[in-house]
file coords.tsv (TSV, C-alpha atoms)
chain	number	residue	atom	x	y	z
A	1	MET	CA	0.00	0.00	0.00
A	2	ILE	CA	0.94	3.61	-0.59
A	3	VAL	CA	-0.46	6.39	1.60
A	4	GLY	CA	-1.22	10.00	0.73
A	5	ILE	CA	-1.82	12.59	3.44
A	6	ASP	CA	-3.41	16.01	3.12
A	7	TYR	CA	-4.11	18.16	6.17
A	8	ASP	CA	-4.94	21.54	7.58
A	9	THR	CA	-5.21	22.80	11.15
A	10	HIS	CA	-8.65	21.20	11.57
A	11	GLY	CA	-8.22	17.69	10.21
A	12	ILE	CA	-6.12	15.07	8.46
A	13	GLU	CA	-7.10	13.08	5.37
A	14	VAL	CA	-5.35	9.75	4.87
A	15	VAL	CA	-5.85	7.82	1.64
A	16	ARG	CA	-4.41	4.34	1.18
A	17	ILE	CA	-4.12	2.81	-2.28
A	18	ASP	CA	-3.09	-0.73	-3.09
A	19	VAL	CA	-1.52	-2.31	-6.15
A	20	ASP	CA	-4.93	-3.49	-7.36
A	21	GLY	CA	-6.19	0.09	-7.54
A	22	GLY	CA	-8.38	0.00	-4.42
A	23	ALA	CA	-8.55	3.23	-2.43
A	24	TRP	CA	-9.64	3.88	1.16
A	25	TRP	CA	-10.10	7.27	2.79
A	26	ASN	CA	-10.04	8.06	6.49
A	27	HIS	CA	-10.74	11.48	7.98
A	28	TYR	CA	-9.20	12.29	11.34
A	29	ALA	CA	-10.89	15.39	12.81
A	30	LEU	CA	-8.97	17.48	15.27
A	31	PRO	CA	-10.93	18.86	18.22
A	32	GLY	CA	-12.62	22.15	17.42
A	33	VAL	CA	-11.64	23.63	20.77
A	34	GLY	CA	-8.72	26.02	21.02
A	35	ASP	CA	-6.43	27.50	18.43
A	36	ALA	CA	-4.25	25.80	15.81
A	37	PHE	CA	-1.54	25.10	18.39
A	38	HIS	CA	-3.94	23.23	20.69
A	39	ARG	CA	-5.37	21.25	17.76
A	40	MET	CA	-1.83	20.34	16.65
A	41	CYS	CA	-1.21	18.98	20.14
A	42	GLU	CA	-4.09	16.53	19.56
A	43	VAL	CA	-2.65	14.91	16.40
A	44	ALA	CA	-1.12	12.00	18.31
A	45	ASN	CA	-4.48	11.37	19.98
A	46	VAL	CA	-6.41	11.03	16.70
A	47	LEU	CA	-3.98	9.39	14.25
A	48	PRO	CA	-3.14	5.69	14.53
A	49	ALA	CA	0.05	5.11	16.54
A	50	ARG	CA	3.40	4.62	14.82
A	51	ARG	CA	3.29	0.85	15.27
A	52	SER	CA	-0.44	0.40	14.64
A	53	VAL	CA	-1.56	-2.37	12.26
A	54	VAL	CA	-3.06	0.42	10.12
A	55	TRP	CA	0.45	1.02	8.81
A	56	ASP	CA	1.18	-2.67	8.09
A	57	ARG	CA	1.92	-3.28	4.40
A	58	VAL	CA	2.57	0.44	3.78
A	59	MET	CA	5.57	0.79	1.47
A	60	ALA	CA	5.73	4.59	1.20
A	61	ILE	CA	3.93	7.69	2.40
A	62	GLY	CA	3.46	10.99	0.61
A	63	ILE	CA	2.57	14.07	2.66
A	64	GLU	CA	1.76	17.46	1.23
A	65	GLU	CA	4.34	20.19	1.65
A	66	PRO	CA	2.41	23.25	2.85
A	67	MET	CA	2.26	26.11	0.40
A	68	SER	CA	0.33	29.35	0.54
A	69	ARG	CA	0.35	32.70	-1.21
A	70	GLY	CA	-0.35	36.19	-0.06
A	71	PRO	CA	-0.08	37.95	3.27
A	72	ARG	CA	-1.94	35.17	5.12
A	73	SER	CA	0.89	32.74	4.34
A	74	ILE	CA	3.18	34.47	6.83
A	75	SER	CA	1.10	33.19	9.73
A	76	LEU	CA	-0.33	30.05	8.07
A	77	ILE	CA	2.83	28.27	6.87
A	78	PRO	CA	4.41	27.90	10.36
A	79	LYS	CA	1.14	26.41	11.67
A	80	LEU	CA	0.99	23.95	8.78
A	81	LYS	CA	4.65	22.98	9.22
A	82	ALA	CA	3.95	22.29	12.92
A	83	MET	CA	1.00	20.11	11.85
A	84	GLN	CA	3.22	18.31	9.36
A	85	GLY	CA	5.78	17.59	12.07
A	86	ALA	CA	3.12	16.29	14.46
A	87	ILE	CA	1.75	14.02	11.72
A	88	CYS	CA	5.20	12.72	10.76
A	89	ALA	CA	5.87	11.86	14.41
A	90	CYS	CA	2.89	9.46	14.23
A	91	LEU	CA	4.00	7.71	11.04
A	92	PRO	CA	5.68	4.30	11.10
A	93	PRO	CA	9.45	4.12	11.40
A	94	LEU	CA	11.44	2.73	8.47
A	95	VAL	CA	8.75	3.66	5.89
A	96	PRO	CA	9.93	6.29	3.40
A	97	ILE	CA	8.06	9.59	3.77
A	98	MET	CA	7.99	11.91	0.76
A	99	ASN	CA	7.30	15.62	1.12
A	100	ILE	CA	5.35	16.48	-2.06
A	101	THR	CA	4.44	20.00	-3.18
A	102	PRO	CA	0.98	20.73	-4.63
A	103	THR	CA	2.57	21.50	-8.01
A	104	LYS	CA	4.40	18.14	-8.03
A	105	TRP	CA	1.38	16.02	-7.07
A	106	ARG	CA	-0.83	17.76	-9.64
A	107	GLU	CA	1.74	17.08	-12.35
A	108	GLY	CA	2.26	13.57	-10.93
A	109	VAL	CA	-1.32	12.62	-11.84
A	110	GLY	CA	-1.22	14.32	-15.25
A	111	LEU	CA	-2.89	17.61	-14.31
A	112	PRO	CA	-1.55	21.10	-14.96
A	113	ALA	CA	0.46	22.54	-12.06
A	114	ASN	CA	-2.24	25.17	-11.56
A	115	ALA	CA	-5.23	22.80	-11.85
A	116	THR	CA	-8.35	24.02	-10.06
A	117	LYS	CA	-10.05	22.19	-7.22
A	118	ASP	CA	-12.88	21.27	-9.60
A	119	ALA	CA	-10.43	19.80	-12.13
A	120	ILE	CA	-8.78	17.76	-9.37
A	121	ARG	CA	-12.12	16.46	-8.08
A	122	LEU	CA	-13.26	15.49	-11.61
A	123	HIS	CA	-9.95	13.74	-12.25
A	124	VAL	CA	-10.29	11.69	-9.05
A	125	HIS	CA	-13.97	10.93	-9.73
A	126	ASP	CA	-12.96	9.51	-13.11
A	127	ASP	CA	-10.37	7.33	-11.39
A	128	ILE	CA	-12.39	5.83	-8.53
A	129	ARG	CA	-16.12	5.36	-8.18
A	130	SER	CA	-16.34	6.11	-4.46
A	131	ALA	CA	-14.80	9.55	-4.94
A	132	PRO	CA	-18.08	11.52	-5.38
A	133	HIS	CA	-18.53	11.18	-1.62
A	134	TRP	CA	-14.98	12.28	-0.88
A	135	THR	CA	-14.04	15.77	0.28
A	136	GLN	CA	-11.70	17.98	-1.72
A	137	ASP	CA	-8.91	17.25	0.76
A	138	ALA	CA	-9.49	13.49	0.35
A	139	CYS	CA	-9.19	13.91	-3.43
A	140	ASP	CA	-5.93	15.80	-2.88
A	141	ALA	CA	-4.65	13.00	-0.61
A	142	PHE	CA	-5.52	10.44	-3.30
A	143	CYS	CA	-3.43	12.38	-5.84
A	144	ILE	CA	-0.60	12.65	-3.31
A	145	ALA	CA	-0.72	8.87	-2.85
A	146	LEU	CA	-0.60	8.27	-6.61
A	147	THR	CA	2.39	10.59	-6.95
A	148	ALA	CA	4.15	8.90	-4.01
A	149	GLN	CA	3.53	5.57	-5.75
A	150	ALA	CA	5.09	6.86	-8.99
A	151	ILE	CA	8.12	8.15	-7.09
A	152	ASN	CA	8.43	4.91	-5.11
A	153	ASP	CA	8.21	2.83	-8.30
A	154	GLY	CA	10.85	4.99	-10.02
A	155	ARG	CA	8.42	6.30	-12.64
A	156	MET	CA	8.89	9.85	-11.39
A	157	ALA	CA	11.80	11.76	-9.87
A	158	ALA	CA	11.59	12.65	-6.19
call {"tool": "encode", "arguments": {"input": "coords.tsv", "output": "structure tokens"}}
result
Amino acid sequence: MIVGIDYDTHGIEVVRIDVDGGAWWNHYALPGVGDAFHRMCEVANVLPARRSVVWDRVMAIGIEEPMSRGPRSISLIPKLKAMQGAICACLPPLVPIMNITPTKWREGVGLPANATKDAIRLHVHDDIRSAPHWTQDACDAFCIALTAQAINDGRMAA
């Protein structure tokens, strides 16, 4: 299995794909109480533990590198990097973790680097039937997983 992870300061989307093309999505909500720092402190309480059976058979993990534009990014990027660190601390040891930018994962699934959210959702819906019920962040995590798979298989540069 290959895992793709997309996140913000309110929740974490984990999509697992297997070699047969099956895809499973799990949403891990962070408590709505407190600010981004307090929600980040809850990551270890909501994600499966590092040695959980959830991570068995996982060969590689792709996690989105936080990117943002504009004045808001000055305060948002450090919060997202803290979230990323908290998430990575919960991931299994000895499994390669790839930090994948939004531009790279869009291109990794054959979309333009500036593809819209609608284009991403349509692309994922065409790929898997269960996707119409998935959130935008779950669709992003699916694309991250596919890109991590291509990198892991050597079909794409890291």
call {"tool": "closest_atom_pairs", "arguments": {"input": "coords.tsv", "of": "range 48-98 of chain A", "to": "range 118-141 of chain A", "cutoff": "9 Å", "atoms": "only C-alpha atoms", "output": "CSV"}}
result
residue,atom,partner,partner_atom,distance
A:Gly62,CA,A:Ala141,CA,8.4
A:Ile63,CA,A:Ala141,CA,8.0
A:Glu64,CA,A:Ala141,CA,8.0
call {"tool": "atom_distance", "arguments": {"input": "coords.tsv", "atom1": "CA of Asp153 in chain A", "atom2": "CA of Glu13 in chain A"}}
result
22.9 Å
call {"tool": "atom_distance", "arguments": {"input": "coords.tsv", "atom1": "CA of Arg50 in chain A", "atom2": "CA of Asn99 in chain A"}}
result
18.0 Å
call {"tool": "atom_distance", "arguments": {"input": "coords.tsv", "atom1": "CA of Leu80 in chain A", "atom2": "CA of His10 in chain A"}}
result
10.4 Å
call {"tool": "residues_around", "arguments": {"input": "coords.tsv", "residues": "Val54 in chain A", "least_positions_apart": "5", "cutoff": "10 Å", "atoms": "all atoms listed in the file", "output": "list in words"}}
result
Arg16, Leu47, Pro48, Ala49 and Pro92 of chain A
call {"tool": "write_last_selection", "arguments": {"input": "coords.tsv", "atoms": "C-alpha atoms", "output": "PDB file, keeping the file's coordinate frame"}}
result
ATOM      1  CA  ARG A  16      -4.410   4.340   1.180  1.00  0.00           C
ATOM      2  CA  LEU A  47      -3.980   9.390  14.250  1.00  0.00           C
ATOM      3  CA  PRO A  48      -3.140   5.690  14.530  1.00  0.00           C
ATOM      4  CA  ALA A  49       0.050   5.110  16.540  1.00  0.00           C
ATOM      5  CA  PRO A  92       5.680   4.300  11.100  1.00  0.00           C
TER       6      PRO A  92
END
call {"tool": "residues_around", "arguments": {"input": "coords.tsv", "residues": "Arg39 in chain A", "least_positions_apart": "2", "cutoff": "9 Å", "atoms": "all atoms listed in the file", "output": "list in words"}}
result
Thr9, His10, Gly11, Leu30, Pro31, Gly32, Val33, Gly34, Asp35, Ala36, Phe37, Cys41, Glu42, Val43 and Met83 of chain A
call {"tool": "residues_around", "arguments": {"input": "coords.tsv", "residues": "Arg51 in chain A", "least_positions_apart": "6", "cutoff": "12 Å", "atoms": "all atoms listed in the file", "output": "NGL selection string"}}
result
:A and (57-58 or 89-95)
call {"tool": "residues_around", "arguments": {"input": "coords.tsv", "residues": "Leu76 in chain A", "least_positions_apart": "2", "cutoff": "10 Å", "atoms": "only C-alpha atoms", "output": "list in words"}}
result
Asp8, Thr9, Ala36, Pro66, Met67, Ser68, Arg69, Pro71, Arg72, Ser73, Ile74, Pro78, Lys79, Leu80 and Lys81 of chain A
call {"tool": "axis_aligned_box", "arguments": {"input": "coords.tsv", "around": "range 49-68 of chain A", "padding_each_side": "8 Å", "output": "AutoDock Vina command-line options"}}
result
--center_x 1.3 --center_y 13.0 --center_z 8.5 --size_x 24.8 --size_y 48.6 --size_z 32.1
call {"tool": "closest_residue", "arguments": {"input": "coords.tsv", "among": "A:Asp56, A:His27, A:Ile97, A:Ile2", "to": "Gln84 in chain A", "atoms": "only C-alpha atoms"}}
result
A:Ile97
call {"tool": "closest_residue", "arguments": {"input": "coords.tsv", "among": "A:Met98, A:Met40, A:Met156, A:Ala113", "to": "Met59 in chain A", "atoms": "all atoms listed in the file"}}
result
A:Met98
call {"tool": "residues_around", "arguments": {"input": "coords.tsv", "residues": "Ile100 in chain A", "least_positions_apart": "3", "cutoff": "10 Å", "atoms": "all atoms listed in the file", "output": "list in words"}}
result
Gly4, Ile5, Ile61, Gly62, Ile63, Glu64, Glu65, Pro66, Ile97, Thr103, Lys104, Trp105, Arg106, Gly108, Ile144, Ala145, Thr147, Ala148 and Ala158 of chain A
call {"tool": "write_last_selection", "arguments": {"input": "coords.tsv", "atoms": "C-alpha atoms", "output": "PDB file, in the coordinates of the input"}}
result
ATOM      1  CA  GLY A   4      -1.220  10.000   0.730  1.00  0.00           C
ATOM      2  CA  ILE A   5      -1.820  12.590   3.440  1.00  0.00           C
ATOM      3  CA  ILE A  61       3.930   7.690   2.400  1.00  0.00           C
ATOM      4  CA  GLY A  62       3.460  10.990   0.610  1.00  0.00           C
ATOM      5  CA  ILE A  63       2.570  14.070   2.660  1.00  0.00           C
ATOM      6  CA  GLU A  64       1.760  17.460   1.230  1.00  0.00           C
ATOM      7  CA  GLU A  65       4.340  20.190   1.650  1.00  0.00           C
ATOM      8  CA  PRO A  66       2.410  23.250   2.850  1.00  0.00           C
ATOM      9  CA  ILE A  97       8.060   9.590   3.770  1.00  0.00           C
ATOM     10  CA  THR A 103       2.570  21.500  -8.010  1.00  0.00           C
ATOM     11  CA  LYS A 104       4.400  18.140  -8.030  1.00  0.00           C
ATOM     12  CA  TRP A 105       1.380  16.020  -7.070  1.00  0.00           C
ATOM     13  CA  ARG A 106      -0.830  17.760  -9.640  1.00  0.00           C
ATOM     14  CA  GLY A 108       2.260  13.570 -10.930  1.00  0.00           C
ATOM     15  CA  ILE A 144      -0.600  12.650  -3.310  1.00  0.00           C
ATOM     16  CA  ALA A 145      -0.720   8.870  -2.850  1.00  0.00           C
ATOM     17  CA  THR A 147       2.390  10.590  -6.950  1.00  0.00           C
ATOM     18  CA  ALA A 148       4.150   8.900  -4.010  1.00  0.00           C
ATOM     19  CA  ALA A 158      11.590  12.650  -6.190  1.00  0.00           C
TER      20      ALA A 158
END
call {"tool": "closest_residue", "arguments": {"input": "coords.tsv", "among": "A:Ala86, A:Gly110, A:Ser52, A:Thr116", "to": "Ile12 in chain A", "atoms": "all atoms listed in the file"}}
result
A:Ala86
